[in-house]
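Chemist: Here you go, run-v7.cif (mmCIF, C-alpha atoms):
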```cif
data_run
#
loop_
_atom_site.label_atom_id
_atom_site.label_comp_id
_atom_site.auth_asym_id
_atom_site.auth_seq_id
_atom_site.Cartn_x
_atom_site.Cartn_y
_atom_site.Cartn_z
CA MET A 248 -7.56 3.14 18.29
CA SER A 249 -6.58 6.65 19.41
CA THR A 250 -4.50 8.88 17.13
CA SER A 251 -1.49 9.00 19.48
CA LEU A 252 -1.43 5.21 19.83
CA ARG A 253 -1.71 4.85 16.05
CA ASN A 254 1.16 7.32 15.57
CA SER A 255 3.41 5.52 18.05
CA ARG A 256 2.62 2.21 16.35
CA ALA A 257 3.42 3.76 12.98
CA ALA A 258 6.75 5.05 14.33
CA ALA A 259 7.62 1.61 15.77
CA LEU A 260 6.69 -0.08 12.49
CA ALA A 261 8.70 2.46 10.46
CA ALA A 262 11.76 1.86 12.66
CA ALA A 263 11.30 -1.93 12.34
CA ALA A 264 10.91 -1.58 8.55
CA ALA A 265 14.09 0.49 8.24
CA GLY A 266 16.08 -1.96 10.36
CA LEU A 267 14.74 -5.12 8.72
CA LEU A 268 15.04 -3.82 5.17
CA LEU A 269 18.61 -2.60 5.68
CA LEU A 270 19.50 -5.95 7.23
CA GLY A 271 17.71 -7.81 4.43
CA ILE A 272 19.53 -5.85 1.70
CA ALA A 273 22.88 -6.42 3.45
CA LEU A 274 22.14 -10.17 3.70
CA ALA A 275 21.01 -10.33 0.06
CA PHE A 276 24.15 -8.65 -1.24
CA TYR A 277 26.85 -9.91 1.14
CA TRP A 278 25.69 -13.19 2.68
CA VAL A 279 23.57 -15.12 0.19
CA PRO A 280 25.62 -16.94 -2.45
CA ASP A 281 24.84 -16.57 -6.17
CA ALA A 282 22.01 -18.85 -7.31
CA PRO A 283 23.19 -21.77 -9.52
CA LEU A 284 21.08 -20.84 -12.57
CA GLU A 285 20.14 -17.20 -12.09
CA GLY A 286 23.47 -16.00 -10.67
CA PHE A 287 23.68 -12.48 -9.23
CA ARG A 288 20.39 -11.32 -10.73
CA GLN A 289 18.45 -13.72 -8.45
CA ARG A 290 18.87 -11.04 -5.75
CA ILE A 291 15.87 -9.18 -7.19
CA PHE A 292 13.85 -12.06 -5.68
CA TYR A 293 14.42 -10.63 -2.16
CA ILE A 294 12.68 -7.38 -3.03
CA HIS A 295 10.23 -8.41 -5.77
CA VAL A 296 8.52 -11.38 -4.08
CA PRO A 297 8.09 -9.76 -0.62
CA ILE A 298 6.59 -6.67 -2.28
CA ALA A 299 4.18 -8.81 -4.33
CA LEU A 300 3.10 -10.75 -1.23
CA THR A 301 2.71 -7.48 0.71
CA SER A 302 0.49 -6.17 -2.06
CA TYR A 303 -1.71 -9.27 -1.71
CA ALA A 304 -1.74 -8.78 2.08
CA CYS A 305 -2.93 -5.18 1.65
CA PHE A 306 -5.76 -6.30 -0.63
CA PHE A 307 -6.73 -9.01 1.88
CA TRP A 308 -6.71 -6.39 4.65
CA ALA A 309 -8.92 -4.13 2.50
CA ALA A 310 -11.36 -7.01 1.95
CA TRP A 311 -11.41 -7.82 5.67
CA LYS A 312 -12.22 -4.20 6.53
CA ALA A 313 -14.84 -4.13 3.76
CA LEU A 314 -16.45 -7.26 5.21
CA ARG A 315 -16.52 -5.67 8.65
CA LEU A 316 -18.13 -2.56 7.18
CA LEU A 317 -20.86 -4.60 5.52
CA TRP A 318 -21.32 -6.67 8.68
CA THR A 319 -21.37 -3.87 11.28
CA ARG A 320 -22.26 -0.80 9.12
CA GLU A 321 -19.60 1.15 11.00
CA GLN A 322 -18.38 3.84 8.58
CA ARG A 323 -14.83 3.96 9.97
CA TYR A 324 -14.09 0.66 8.18
CA ASP A 325 -14.72 2.38 4.85
CA LEU A 326 -11.68 4.63 5.27
CA GLU A 327 -9.59 1.70 6.55
CA SER A 328 -10.53 -0.46 3.55
CA TYR A 329 -9.85 2.43 1.14
CA THR A 330 -6.43 3.09 2.72
CA ALA A 331 -5.50 -0.60 2.45
CA VAL A 332 -6.43 -0.62 -1.26
CA HIS A 333 -4.34 2.56 -1.68
CA MET A 334 -1.32 0.80 -0.13
CA GLY A 335 -1.96 -2.37 -2.15
CA VAL A 336 -1.90 -0.38 -5.38
CA ILE A 337 1.39 1.33 -4.43
CA PHE A 338 2.96 -2.08 -3.71
CA GLY A 339 1.34 -3.39 -6.91
CA VAL A 340 3.14 -0.72 -8.97
CA LEU A 341 6.40 -1.72 -7.30
CA THR A 342 5.72 -5.41 -8.03
CA LEU A 343 5.15 -4.68 -11.70
CA VAL A 344 8.24 -2.47 -12.01
CA THR A 345 10.65 -4.78 -10.14
CA GLY A 346 9.18 -7.82 -11.93
CA SER A 347 9.68 -6.11 -15.25
CA ILE A 348 13.33 -5.37 -14.42
CA TRP A 349 13.82 -9.02 -13.40
CA ALA A 350 12.16 -10.19 -16.64
CA ARG A 351 14.49 -7.96 -18.67
CA THR A 352 17.62 -9.34 -17.06
CA SER A 353 16.45 -12.99 -16.97
CA TRP A 354 14.37 -13.43 -20.13
CA GLY A 355 15.59 -10.48 -22.19
CA VAL A 356 12.12 -8.87 -22.38
CA TRP A 357 10.42 -6.27 -20.17
CA TRP A 358 7.07 -8.05 -20.33
CA SER A 359 5.67 -11.36 -21.57
CA TRP A 360 1.97 -11.50 -22.46
CA GLY A 361 2.18 -15.30 -22.60
CA GLU A 362 2.77 -15.61 -18.85
CA ARG A 363 -0.47 -16.07 -16.95
CA GLN A 364 1.08 -15.04 -13.64
CA LEU A 365 2.14 -11.65 -15.02
CA VAL A 366 -1.08 -11.01 -16.91
CA LEU A 367 -3.24 -12.01 -13.94
CA PHE A 368 -1.27 -9.76 -11.63
CA LEU A 369 -1.76 -6.92 -14.13
CA VAL A 370 -5.51 -7.68 -14.22
CA LEU A 371 -5.60 -7.64 -10.41
CA PHE A 372 -3.71 -4.35 -10.34
CA LEU A 373 -5.99 -2.73 -12.95
CA PHE A 374 -9.05 -4.02 -11.06
CA TYR A 375 -7.91 -2.24 -7.91
CA ALA A 376 -6.85 0.85 -9.89
CA ALA A 377 -10.47 1.02 -11.12
CA TYR A 378 -11.59 0.98 -7.46
CA PHE A 379 -10.59 4.66 -7.24
CA MET A 380 -12.65 5.53 -10.32
CA LEU A 381 -15.68 3.85 -8.76
CA ARG A 382 -15.11 5.53 -5.42
CA TYR A 383 -14.76 9.04 -6.80
CA SER A 384 -17.70 8.71 -9.17
CA VAL A 385 -20.14 8.32 -6.25
CA GLU A 386 -21.07 11.00 -3.69
CA PRO A 387 -19.52 10.42 -0.24
CA GLY A 388 -21.79 8.60 2.18
CA PRO A 389 -23.04 5.13 3.10
CA ARG A 390 -23.89 4.28 -0.53
CA ARG A 391 -20.32 4.92 -1.66
CA ALA A 392 -18.94 3.02 1.34
CA ASN A 393 -21.10 -0.04 0.56
CA MET A 394 -20.27 -0.03 -3.14
CA SER A 395 -16.54 0.31 -2.42
CA ALA A 396 -16.73 -2.50 0.15
CA VAL A 397 -18.45 -4.88 -2.27
CA TYR A 398 -15.87 -4.04 -4.95
CA ALA A 399 -12.96 -4.66 -2.55
CA LEU A 400 -14.49 -8.03 -1.61
CA PHE A 401 -14.84 -9.06 -5.26
CA GLY A 402 -11.21 -8.14 -5.92
CA VAL A 403 -9.89 -10.44 -3.23
CA VAL A 404 -11.24 -13.44 -5.19
CA LEU A 405 -8.71 -12.64 -7.91
CA ILE A 406 -5.79 -13.09 -5.51
CA PRO A 407 -5.87 -16.90 -5.18
CA VAL A 408 -6.38 -17.10 -8.95
CA SER A 409 -3.33 -14.91 -9.51
CA PHE A 410 -1.31 -16.86 -6.94
CA LEU A 411 -2.27 -20.28 -8.30
CA ALA A 412 -2.04 -19.32 -11.97
CA ILE A 413 1.66 -20.04 -12.08
CA ARG A 414 1.05 -23.55 -10.76
CA LEU A 415 -1.68 -24.21 -13.29
CA ALA A 416 0.24 -22.78 -16.22
CA GLU A 417 1.88 -24.98 -18.80
CA GLY A 418 5.16 -24.16 -20.51
CA LEU A 419 5.93 -21.42 -18.01
CA ILE A 420 9.09 -19.42 -17.79
CA HIS A 421 8.20 -17.62 -14.56
CA PRO A 422 10.10 -19.48 -11.79
CA VAL A 423 8.18 -21.39 -9.11
CA VAL A 424 9.93 -21.17 -5.77
CA PHE A 425 7.22 -21.64 -3.14
CA ASP A 426 5.99 -25.14 -3.82
CA ARG A 427 6.27 -28.44 -1.95
CA ASP A 428 10.03 -28.51 -2.61
CA VAL A 429 10.72 -25.09 -1.14
CA GLY A 430 13.51 -26.57 0.98
CA GLU A 431 15.24 -27.85 -2.15
CA ASN A 432 14.61 -24.68 -4.18
CA LEU A 433 15.99 -22.34 -1.54
CA SER A 434 18.98 -22.75 0.75
CA GLY A 435 18.85 -21.83 4.45
CA SER A 436 20.51 -18.45 3.87
CA GLN A 437 18.06 -17.65 1.08
CA ILE A 438 15.04 -18.50 3.25
CA VAL A 439 16.36 -16.38 6.15
CA THR A 440 17.10 -13.42 3.85
CA PHE A 441 13.69 -13.73 2.21
CA ALA A 442 11.96 -13.84 5.63
CA VAL A 443 13.82 -10.72 6.83
CA CYS A 444 12.94 -8.82 3.63
CA PHE A 445 9.31 -9.98 3.80
CA LEU A 446 8.94 -8.87 7.43
CA GLY A 447 10.59 -5.56 6.47
CA THR A 448 8.15 -4.89 3.60
CA LEU A 449 5.19 -5.89 5.79
CA ALA A 450 6.37 -3.46 8.48
CA LEU A 451 6.84 -0.77 5.82
CA ALA A 452 3.31 -1.34 4.51
CA GLY A 453 1.95 -1.23 8.07
CA ALA A 454 3.73 2.06 8.83
CA LEU A 455 2.56 3.63 5.56
CA TYR A 456 -0.98 2.35 6.15
CA LEU A 457 -1.21 3.86 9.65
CA ASN A 458 0.27 7.19 8.49
CA GLU A 459 -2.03 7.37 5.51
CA LEU A 460 -5.04 6.48 7.65
CA THR A 461 -4.19 9.26 10.12
CA GLY A 462 -3.84 11.72 7.24
CA LYS A 463 -7.13 10.69 5.64
CA ARG A 464 -8.99 10.87 8.99
CA LEU A 465 -7.50 14.29 9.68
CA ASP A 466 -8.58 15.41 6.23
CA ALA A 467 -12.15 14.21 6.84
CA ARG A 468 -12.35 15.84 10.28
CA LEU A 469 -11.00 19.13 8.95
CA ALA A 470 -13.63 19.10 6.20
CA GLU A 471 -16.34 18.57 8.86
CA LEU A 472 -14.93 21.37 11.00
CA LYS A 473 -14.73 23.72 8.02
CA GLU A 474 -18.36 23.03 7.21
CA ALA A 475 -19.40 23.62 10.82
CA LEU A 476 -17.50 26.92 11.08
CA SER A 477 -18.45 28.36 7.68
CA MET B 283 29.66 -3.44 -13.14
CA THR B 284 27.98 -6.29 -15.03
CA SER B 285 24.60 -6.03 -16.69
CA ALA B 286 22.98 -8.20 -13.98
CA GLU B 287 24.44 -5.99 -11.24
CA LYS B 288 23.04 -2.89 -12.95
CA TYR B 289 19.54 -4.38 -13.17
CA VAL B 290 19.57 -5.61 -9.57
CA THR B 291 20.72 -2.19 -8.35
CA ALA B 292 18.03 -0.53 -10.49
CA ALA B 293 15.32 -2.73 -8.94
CA TYR B 294 16.36 -1.79 -5.38
CA LEU B 295 16.73 1.89 -6.31
CA VAL B 296 13.25 1.97 -7.86
CA VAL B 297 11.77 0.77 -4.56
CA LEU B 298 13.76 3.39 -2.65
CA ALA B 299 12.70 6.10 -5.12
CA VAL B 300 9.00 5.21 -4.80
CA VAL B 301 9.18 5.23 -0.99
CA LEU B 302 10.97 8.60 -1.07
CA ALA B 303 8.40 9.96 -3.56
CA TYR B 304 5.67 8.84 -1.16
CA VAL B 305 7.40 10.69 1.70
CA VAL B 306 7.62 13.87 -0.43
CA ILE B 307 3.92 13.63 -1.40
CA TYR B 308 3.03 13.07 2.24
CA ALA B 309 5.09 16.12 3.26
CA PHE B 310 3.06 18.23 0.81
CA LYS B 311 -0.15 16.80 2.23
CA LEU B 312 0.97 17.59 5.78
CA SER B 313 1.81 21.18 4.86
CA ARG B 314 -1.66 21.54 3.27
CA LEU B 315 -3.29 20.16 6.40
CA GLU B 316 -1.23 22.52 8.55
CA ARG B 317 -2.36 25.47 6.41
CA GLU B 318 -6.00 24.41 6.69
CA VAL B 319 -5.72 24.04 10.47
CA ALA B 320 -4.21 27.54 10.67
CA GLU B 321 -7.10 28.93 8.56
CA LEU B 322 -9.65 27.23 10.79
CA ALA B 323 -7.91 28.50 13.93
CA GLU B 324 -8.00 32.03 12.47
CA LEU B 325 -11.70 31.65 11.63
CA ALA B 326 -12.45 30.41 15.15
CA ARG B 327 -10.46 33.30 16.69
CA ARG B 328 -12.38 35.87 14.61
CA ARG B 329 -15.66 34.28 15.62
CA LYS B 330 -14.66 34.56 19.27
CA GLU B 331 -13.64 38.23 18.95
CA ALA B 332 -16.70 39.28 17.00
CA PRO B 333 -19.57 40.64 19.18
CA GLU B 334 -22.35 38.21 19.90
CA PRO B 335 -25.33 38.97 17.65
CA ARG B 336 -28.28 40.24 19.70
CA PRO B 337 -31.13 37.78 19.89
CA GLU B 338 -34.14 39.11 18.02
CA ARG B 339 -36.84 40.33 20.35
CA GLU B 340 -40.03 38.44 20.22
CA GLU B 341 -42.96 40.54 19.24
CA VAL B 342 -45.18 41.09 22.19
CA ALA B 343 -48.74 40.16 21.49
CA ARG B 344 -51.06 43.11 21.91
#
```
Rewrite the structure of this file - the entire thing - as structure tokens.

Modeler:
Amino acid sequence: MSTSLRNSRAAALAAAAAGLLLLGIALAFYWVPDAPLEGFRQRIFYIHVPIALTSYACFFWAAWKALRLLWTREQRYDLESYTAVHMGVIFGVLTLVTGSIWARTSWGVWWSWGERQLVLFLVLFLFYAAYFMLRYSVEPGPRRANMSAVYALFGVVLIPVSFLAIRLAEGLIHPVVFDRDVGENLSGSQIVTFAVCFLGTLALAGALYLNELTGKRLDARLAELKEALS
Amino acid sequence: MTSAEKYVTAAYLVVLAVVLAYVVIYAFKLSRLEREVAELAELARRRKEAPEPRPEREEVAR
């Protein structure tokens, strides 16, 4: 993909993200009624869950690019996989922070070590945070690209475990919304608002990913040029 | 403002703050890249202005 096409896509995604997120926030605050049990605080759901799912999507994207790198040996996939992990970690931080705020207002605690869903998400986040340590401890080149790709592929295995943990847990306090009874758990307005917010966060992640990728490629090309001119 | 309203607002503001922080960091990165491009352009200009080094004459075999 050429740089100008990538930039125009990033601009379109950024505009879509701004529009969808503003609409989503307006719907969450002014259209959706208070939830029967959670009340007003349930509105954190419309930002916390889409961000968590976007974080998973970024890690899946990183694994897909890593797989393509290992399959084709094309080095450009290394930077794409790295950028996706970078985005996933940013959205992971946001998931942990917004989740912690929701826990404080719902359960009265900032964190609960007894909840498998939370602990597994933290493990997943720390696993991907360690990706950077691995990456920067190896000299740039095909060896680093292959090691990073294998690591990114291993990490993606943790995602279904993290996602399913809540369903396997006993005596949980973390709410389960997306199960077979999703239609009963969420009203029509809640589903629409959630979908708008989710599309908005996905568009935001896409715009940030393309911008970051352009920046990282520019950085790499400048380093090459500097070496050639010096 | 109730306690729940404060927490919900805080959650949305945290997201906004992180996105804005990212934009600020990216602005710094862009200004660094711009500086580096300017340095490289200057280096290339000096190279162009500098006289071409004479190719060393090959020693003629006697």

Chemist: Here is a test: counting only C-alpha atoms, which residue of A:Thr448, A:Ser409, A:Thr319, A:Thr352 is nearest to Cys305 in chain A?

Modeler: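 Using only C-alpha atoms, Cys305 in chain A sits closest to A:Thr448.
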
Chemist: Select, counting all atoms listed in the file, all protein, DNA and RNA residues no farther than 7 Å from (9.6, -6.5, -16.7) in file coordinates, and express the selection as a PyMOL selection string.

Modeler: chain A and resi 343-351+356-358

Chemist: Using all atoms listed in the file, which protein or nucleic acid residues come within 8 Å of range 321-329 of chain B? Drop anything in the same chain fewer than 6 positions from it, and give the result as a short mmCIF file (atom, residue, chain, number, x, y, z; two decimals) with C-alpha atoms, in the coordinates of the input.

Modeler:
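Ended up saving to out_4.cif:
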```
data_model
loop_
_atom_site.label_atom_id
_atom_site.label_comp_id
_atom_site.auth_asym_id
_atom_site.auth_seq_id
_atom_site.Cartn_x
_atom_site.Cartn_y
_atom_site.Cartn_z
CA LEU A 472 -14.93 21.37 11.00
CA LYS A 473 -14.73 23.72 8.02
CA LEU A 476 -17.50 26.92 11.08
#
```

Chemist: Return the single residue from B:Ile307, B:Ala320, B:Val296, B:Lys330 that is closest to chain A, with distances computed using all atoms listed in the file.

Modeler: B:Val296

Chemist: Please evaluate the PyMOL selection byres ((chain A and resi 260-271) around 8) against the displayed coordinates and give the resulting residues as a short mmCIF file (atom, residue, chain, number, x, y, z; two decimals) with C-alpha atoms, in the coordinates of the input.

Modeler:
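The result, stored in expr-v7.cif:
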```
data_model
loop_
_atom_site.label_atom_id
_atom_site.label_comp_id
_atom_site.auth_asym_id
_atom_site.auth_seq_id
_atom_site.Cartn_x
_atom_site.Cartn_y
_atom_site.Cartn_z
CA ARG A 256 2.62 2.21 16.35
CA ALA A 257 3.42 3.76 12.98
CA ALA A 258 6.75 5.05 14.33
CA ALA A 259 7.62 1.61 15.77
CA ILE A 272 19.53 -5.85 1.70
CA ALA A 273 22.88 -6.42 3.45
CA LEU A 274 22.14 -10.17 3.70
CA ALA A 275 21.01 -10.33 0.06
CA TYR A 293 14.42 -10.63 -2.16
CA THR A 440 17.10 -13.42 3.85
CA PHE A 441 13.69 -13.73 2.21
CA VAL A 443 13.82 -10.72 6.83
CA CYS A 444 12.94 -8.82 3.63
CA LEU A 446 8.94 -8.87 7.43
CA GLY A 447 10.59 -5.56 6.47
CA THR A 448 8.15 -4.89 3.60
CA LEU A 449 5.19 -5.89 5.79
CA ALA A 450 6.37 -3.46 8.48
CA LEU A 451 6.84 -0.77 5.82
CA GLY A 453 1.95 -1.23 8.07
CA ALA A 454 3.73 2.06 8.83
CA LEU A 455 2.56 3.63 5.56
#
```

Chemist: So the first atom is CA of Phe276 in chain A and the second is CA of Arg290 in chain A; what is the distance between them in Å, to one decimal place?

Modeler: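 Computed distance, CA of Phe276 in chain A to CA of Arg290 in chain A, equals 7.3 Å.
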
Chemist: Calculate how many Å separate CA of Pro407 in chain A from CA of Tyr303 in chain A, rounding to one decimal.

Modeler: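 Calculated distance between CA of Pro407 in chain A and CA of Tyr303 in chain A is 9.4 Å.
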